[in-house]
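Below is one structure, written out as structure tokens; comments come after it.
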Amino acid sequence: MLDQAILFALVASVLGGAVFAKAAHAATITVTTTVDELADELNVPTCSNKDYNGGAGISLAEAICLANNNGAGSNTITLPAGIYTFTKWPLADFISSTILINGAGALSTIVQANANPDAGGTRLFRISGPGGNLTINGLTVRNGRCTGTGGCLTHPQHGGGIFNEGSLTVTNCTFSGNSSTAGNGGAIYSSGSLTVSNSTFSSNHVADYGGGGAIFIYSGTASVSNSTFYANAALGDGAGGGGNGGGIFNGGTLSLVNVTISANSVAGTGNGGGIFNNGTLNYTNTISANSTGADCYNFATIGTNTRNLVEDNTCSPYVSGDPNLGPLTDNGGPTQTMELLKSPSLSPAIDAGTNSGCPATDQRGVSRPQGQICDIGAFEVPAEVIYSNGFESL
Ligand SMILES: [Ca+2]
Ligand SMILES: [Ca+2]
Ligand SMILES: [Ca+2]
């Protein structure tokens, strides 16, 4: 016969479990395998009726489905160091819930498309609107691609890395080698809400008449800060035609704060090697330089325009001329950056920004400002230590 206290404990335990189960929509899911275990079931763009138990572990695709099926509330997916290769389109495509994917850092957690994608390509993430809300932190998104009409499923050919119709937040990430060769947005296409900080976009591209080698903002809002865009391109059709915005195409409302944009390009009839603005551009403490095609081509509205450096003097900057940038490389911090050099000539971006709205750190995590004033761009040059002997060293 059960002791009354034990019975009470059992009932409490069952009730507690029931209460917990009802509130258990928010979950943390840890990915345990780099194998794309849901690959054979990905051809239907829904997460229902899938066997999440196939294979030996929980794959990234399975984790996304588990989160989507978990109802309201936010879910955290922990993505340990490793290379996660999507072998089919487009499951991870469909994020319809609130998900945070936490990588172990952009150098060690890599999400990529396979070398030989299905016809049409292998995009890496798609956020459905309006319920989809994805945050990615500390990972690399590379080699995602949409290759032609009908590719990357119903929305076609845009956004080789990520297609966003909901809300997307990117922090401490690298996007490289993503492409959309018959559409817009090599790395990201957005018609929703986009926030990017402390991230680097390099060598992403579009082709034909596509625009936005790295990012194409069709509509909606986008805020980018403490980030670097290097060698992204709108390659054109190879016969004199081309798309706009080698780095960024803006058709919505775009805010840039302490961003470095360098060596991006357009071809043929394309314009705006660095930035093409067809919406509202608000920009502060931002560099655009070394472009093929104009560093910044404004076709619509420039709102806020404070302390920017645009090498070729397009988009009415505070200062023009070469910013004297170092190569894209590891300068400390989780992502690659471009240093402001002091020789052979002092970079005119050093101590030339505004402290108003300047982020508390630079892209690497170095506190701002160094010296009295924030530098222009994503990199803050450390203030020189002047020793009592009057020199920079003892
Ligand atoms: Ca599994
Ligand atoms: Ca230059
Ligand atoms: Ca400074």
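For the structure tokens, the naming scheme is as follows: chains receive sequential letters (A, B, ...) according to their order of presentation, residues are indexed from 1 within each chain, and ligands are indexed from 1 in presentation order.
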**OP:** For ligand 3, list the contacting residues at 9 Å or closer, counting only C-alpha atoms and all ligand atoms, as a list in words.
**Re:**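 Residues lying within 9 Å of ligand 3: Ala349, Ile350, Asp351, Ala352, Gly353, Arg368, Pro369, Gln370, Gly371, Gln372, Ile373, Cys374, Asp375, Ile376, Glu380, Val381, Pro382 and Ala383 of chain A.
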Write a file of the selected residues as a PDB file, in the first residue's frame, keeping N, CA and C atoms.
```pdb
ATOM      1  N   ALA A 349      40.764  57.299 -42.753  1.00  0.00           N
ATOM      2  CA  ALA A 349      39.600  56.829 -41.990  1.00  0.00           C
ATOM      3  C   ALA A 349      39.864  56.819 -40.475  1.00  0.00           C
ATOM      4  N   ILE A 350      41.144  56.899 -40.110  1.00  0.00           N
ATOM      5  CA  ILE A 350      41.492  56.821 -38.679  1.00  0.00           C
ATOM      6  C   ILE A 350      41.049  58.097 -37.967  1.00  0.00           C
ATOM      7  N   ASP A 351      40.306  57.922 -36.897  1.00  0.00           N
ATOM      8  CA  ASP A 351      39.809  59.035 -36.084  1.00  0.00           C
ATOM      9  C   ASP A 351      38.974  60.035 -36.887  1.00  0.00           C
ATOM     10  N   ALA A 352      38.321  59.563 -37.939  1.00  0.00           N
ATOM     11  CA  ALA A 352      37.552  60.464 -38.797  1.00  0.00           C
ATOM     12  C   ALA A 352      36.046  60.213 -38.710  1.00  0.00           C
ATOM     13  N   GLY A 353      35.616  59.290 -37.861  1.00  0.00           N
ATOM     14  CA  GLY A 353      34.190  58.982 -37.755  1.00  0.00           C
ATOM     15  C   GLY A 353      33.496  59.860 -36.734  1.00  0.00           C
ATOM     16  N   ARG A 368      35.696  50.531 -28.745  1.00  0.00           N
ATOM     17  CA  ARG A 368      35.710  51.827 -29.439  1.00  0.00           C
ATOM     18  C   ARG A 368      35.342  52.922 -28.450  1.00  0.00           C
ATOM     19  N   PRO A 369      35.763  54.155 -28.673  1.00  0.00           N
ATOM     20  CA  PRO A 369      36.804  54.472 -29.649  1.00  0.00           C
ATOM     21  C   PRO A 369      38.195  54.209 -29.087  1.00  0.00           C
ATOM     22  N   GLN A 370      39.141  53.960 -29.968  1.00  0.00           N
ATOM     23  CA  GLN A 370      40.554  54.012 -29.591  1.00  0.00           C
ATOM     24  C   GLN A 370      41.013  55.429 -29.913  1.00  0.00           C
ATOM     25  N   GLY A 371      41.777  56.029 -29.013  1.00  0.00           N
ATOM     26  CA  GLY A 371      41.994  57.462 -29.134  1.00  0.00           C
ATOM     27  C   GLY A 371      40.689  58.135 -28.754  1.00  0.00           C
ATOM     28  N   GLN A 372      40.491  59.345 -29.232  1.00  0.00           N
ATOM     29  CA  GLN A 372      39.297  60.086 -28.820  1.00  0.00           C
ATOM     30  C   GLN A 372      38.090  59.792 -29.715  1.00  0.00           C
ATOM     31  N   ILE A 373      38.353  59.330 -30.923  1.00  0.00           N
ATOM     32  CA  ILE A 373      37.277  59.312 -31.919  1.00  0.00           C
ATOM     33  C   ILE A 373      37.211  57.961 -32.632  1.00  0.00           C
ATOM     34  N   CYS A 374      36.004  57.517 -32.929  1.00  0.00           N
ATOM     35  CA  CYS A 374      35.814  56.282 -33.689  1.00  0.00           C
ATOM     36  C   CYS A 374      36.382  56.416 -35.102  1.00  0.00           C
ATOM     37  N   ASP A 375      37.011  55.355 -35.576  1.00  0.00           N
ATOM     38  CA  ASP A 375      37.467  55.306 -36.956  1.00  0.00           C
ATOM     39  C   ASP A 375      36.272  55.015 -37.868  1.00  0.00           C
ATOM     40  N   ILE A 376      36.445  55.331 -39.159  1.00  0.00           N
ATOM     41  CA  ILE A 376      35.445  54.950 -40.153  1.00  0.00           C
ATOM     42  C   ILE A 376      35.715  53.505 -40.567  1.00  0.00           C
ATOM     43  N   GLU A 380      38.808  49.228 -35.887  1.00  0.00           N
ATOM     44  CA  GLU A 380      39.291  50.361 -35.082  1.00  0.00           C
ATOM     45  C   GLU A 380      40.780  50.154 -34.788  1.00  0.00           C
ATOM     46  N   VAL A 381      41.588  51.115 -35.231  1.00  0.00           N
ATOM     47  CA  VAL A 381      43.042  51.011 -35.027  1.00  0.00           C
ATOM     48  C   VAL A 381      43.368  51.271 -33.558  1.00  0.00           C
ATOM     49  N   PRO A 382      44.092  50.346 -32.926  1.00  0.00           N
ATOM     50  CA  PRO A 382      44.440  50.540 -31.513  1.00  0.00           C
ATOM     51  C   PRO A 382      45.197  51.847 -31.308  1.00  0.00           C
ATOM     52  N   ALA A 383      44.838  52.542 -30.253  1.00  0.00           N
ATOM     53  CA  ALA A 383      45.542  53.785 -29.943  1.00  0.00           C
ATOM     54  C   ALA A 383      46.977  53.452 -29.592  1.00  0.00           C
TER      55      ALA A 383
END
```
Please identify every residue of chain A that has at least one atom no farther than 9 Å from an atom of ligand 2, counting only C-alpha atoms and all ligand atoms, and for each give the shortest atom pair and the distance in Å to one decimal, arranged by chain then increasing number, as a Markdown table.
```
| residue | atom | partner | partner_atom_place_in_ligand_line | distance |
| --- | --- | --- | --- | --- |
| A:Ser262 | CA | ligand 2 | 1 (Ca) | 8.6 |
| A:Ala263 | CA | ligand 2 | 1 (Ca) | 8.5 |
| A:Ala289 | CA | ligand 2 | 1 (Ca) | 5.8 |
| A:Asn290 | CA | ligand 2 | 1 (Ca) | 4.3 |
| A:Ser291 | CA | ligand 2 | 1 (Ca) | 7.8 |
| A:Glu311 | CA | ligand 2 | 1 (Ca) | 6.5 |
| A:Asp312 | CA | ligand 2 | 1 (Ca) | 8.5 |
| A:Gly321 | CA | ligand 2 | 1 (Ca) | 7.1 |
| A:Asp322 | CA | ligand 2 | 1 (Ca) | 4.4 |
| A:Pro323 | CA | ligand 2 | 1 (Ca) | 6.9 |
| A:Asn324 | CA | ligand 2 | 1 (Ca) | 7.2 |
| A:Leu325 | CA | ligand 2 | 1 (Ca) | 8.5 |
```
Original post:
Can you tell me, as a VMD selection string, what residues are no more than 7 Å from Leu235 (chain A) when counting only C-alpha atoms, ignoring any on the same chain fewer than 3 positions away?
Top reply: chain A and resid 205 to 208 242 266 to 267
Subject >> Contacts of Ala67 (chain A) within 9 Å, only C-alpha atoms, excl. fewer than 5 positions in-chain, as a PyMOL selection string >> reply: chain A and resi 25-29+62+74-77+95-99
With C-alpha atoms retained, export the selected residues as a tab-separated table (two decimals), in the first residue's frame.
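What ended up in result29.tsv:
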```
chain	number	residue	atom	x	y	z
A	25	HIS	CA	7.76	24.51	-26.55
A	26	ALA	CA	11.08	26.24	-26.11
A	27	ALA	CA	13.81	23.71	-26.48
A	28	THR	CA	17.52	23.35	-26.91
A	29	ILE	CA	18.47	20.81	-29.56
A	62	GLU	CA	16.41	17.15	-38.45
A	74	SER	CA	12.02	29.95	-29.47
A	75	ASN	CA	14.35	27.04	-29.99
A	76	THR	CA	18.11	26.96	-29.74
A	77	ILE	CA	20.05	24.63	-31.98
A	95	ILE	CA	12.37	27.79	-41.25
A	96	SER	CA	8.87	28.63	-40.04
A	97	SER	CA	9.54	29.07	-36.32
A	98	THR	CA	11.87	31.07	-34.10
A	99	ILE	CA	15.28	29.44	-34.14
```
Subject >> From A:Gly303, A:Gly247, A:Gly252, A:Pro317, residue lying nearest Phe276 (chain A) [only C-alpha atoms] >> reply: A:Gly247
At a cut-off of 7 Å, can you tabulate as a tab-separated table every residue of region 106-193 of chain A near region 212-226 of chain A together with its closest atom pair and the distance in Å to one decimal, using only C-alpha atoms and ordering rows by chain then number?
```
residue	atom	partner	partner_atom	distance
A:Asn184	CA	A:Gly212	CA	6.0
A:Gly185	CA	A:Phe216	CA	4.5
A:Gly186	CA	A:Gly213	CA	5.0
A:Ala187	CA	A:Ala214	CA	4.9
A:Ile188	CA	A:Ile215	CA	4.8
A:Tyr189	CA	A:Phe216	CA	4.9
A:Ser190	CA	A:Ile217	CA	5.0
A:Ser191	CA	A:Ser219	CA	4.6
A:Gly192	CA	A:Gly220	CA	5.0
A:Ser193	CA	A:Thr221	CA	5.1
```
**OP:** Determine the nearest neighbour of Ser197 (chain A) from the options A:Ala234, A:Val257, A:Leu139, A:Ala294, counting only C-alpha atoms.
**Re:** A:Val257
**OP:** Please provide the set of residues having any atom within 9 Å of Val141 (chain A), restricted to only C-alpha atoms, with same-chain residues fewer than 2 positions apart removed, written as a PyMOL selection string.
**Re:** chain A and resi 106+109-113+124+139+143-144+161-162+173-178+187
**OP:** Quote the spacing between CA of Asn298 (chain A) and CA of Ala378 (chain A) in Å to one decimal place.
**Re:**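 One can read the CA of Asn298 (chain A) to CA of Ala378 (chain A) distance as 22.1 Å.
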Subject >> Pick from A:Val319, A:Gly57, A:Thr361, A:Thr33, whichever lies nearest to ligand 1 using only C-alpha atoms and all ligand atoms >> reply: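 Using only C-alpha atoms and all ligand atoms, ligand 1 sits closest to A:Gly57.
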**OP:** Find the residues around region 132-136 of chain A up to 9 Å (only C-alpha atoms counted), leave out those fewer than 4 positions away in its own chain, and share them as a list in words.
**Re:** Ser74, Phe94, Ile95, Ser96, Ser97, Thr98, Ile99, Leu100, Ile101, Asn102, Gly103, Arg126, Ile127, Ser128, Asn164, Glu165, Gly166, Ser167, Leu168, Thr169, Val170, Thr171, Asn172 and Cys173 of chain A
Any chance you could export the current selection's C-alpha atoms as a PDB file, in the first residue's frame?
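File written: out11.pdb
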```pdb
ATOM      1  CA  SER A  74      12.023  29.955 -29.474  1.00  0.00           C
ATOM      2  CA  PHE A  94      11.990  26.163 -44.617  1.00  0.00           C
ATOM      3  CA  ILE A  95      12.366  27.795 -41.248  1.00  0.00           C
ATOM      4  CA  SER A  96       8.873  28.631 -40.039  1.00  0.00           C
ATOM      5  CA  SER A  97       9.535  29.067 -36.319  1.00  0.00           C
ATOM      6  CA  THR A  98      11.874  31.074 -34.102  1.00  0.00           C
ATOM      7  CA  ILE A  99      15.279  29.441 -34.145  1.00  0.00           C
ATOM      8  CA  LEU A 100      18.728  30.431 -32.888  1.00  0.00           C
ATOM      9  CA  ILE A 101      21.560  28.396 -34.391  1.00  0.00           C
ATOM     10  CA  ASN A 102      24.662  28.738 -32.255  1.00  0.00           C
ATOM     11  CA  GLY A 103      27.897  27.639 -33.891  1.00  0.00           C
ATOM     12  CA  ARG A 126      15.118  29.744 -46.201  1.00  0.00           C
ATOM     13  CA  ILE A 127      13.073  31.756 -43.691  1.00  0.00           C
ATOM     14  CA  SER A 128       9.345  31.760 -44.338  1.00  0.00           C
ATOM     15  CA  ASN A 164      14.615  35.556 -46.149  1.00  0.00           C
ATOM     16  CA  GLU A 165      10.946  36.495 -46.176  1.00  0.00           C
ATOM     17  CA  GLY A 166      10.709  36.637 -42.385  1.00  0.00           C
ATOM     18  CA  SER A 167      13.308  37.831 -39.914  1.00  0.00           C
ATOM     19  CA  LEU A 168      17.020  37.050 -40.136  1.00  0.00           C
ATOM     20  CA  THR A 169      19.750  38.064 -37.692  1.00  0.00           C
ATOM     21  CA  VAL A 170      23.405  37.301 -38.428  1.00  0.00           C
ATOM     22  CA  THR A 171      26.188  37.770 -35.858  1.00  0.00           C
ATOM     23  CA  ASN A 172      29.855  36.713 -35.928  1.00  0.00           C
ATOM     24  CA  CYS A 173      29.451  34.825 -39.215  1.00  0.00           C
TER      25      CYS A 173
END
```
Original post:
When distances are computed from only C-alpha atoms, which of A:Ser202, A:Gly326, A:Ala239, A:Asp36 shows the smallest separation from Pro344 (chain A)?
Top reply: A:Gly326
**OP:** Report the residues of region 209-373 of chain A whose backbone DSSP state falls under strand (DSSP E), written as a ChimeraX atom specification.
**Re:** /A:215-217,221-230,233-234,248-250,253-262,265-266,275-277,280-284,287-289,296-298,301-306,309-310,325-329,337-340
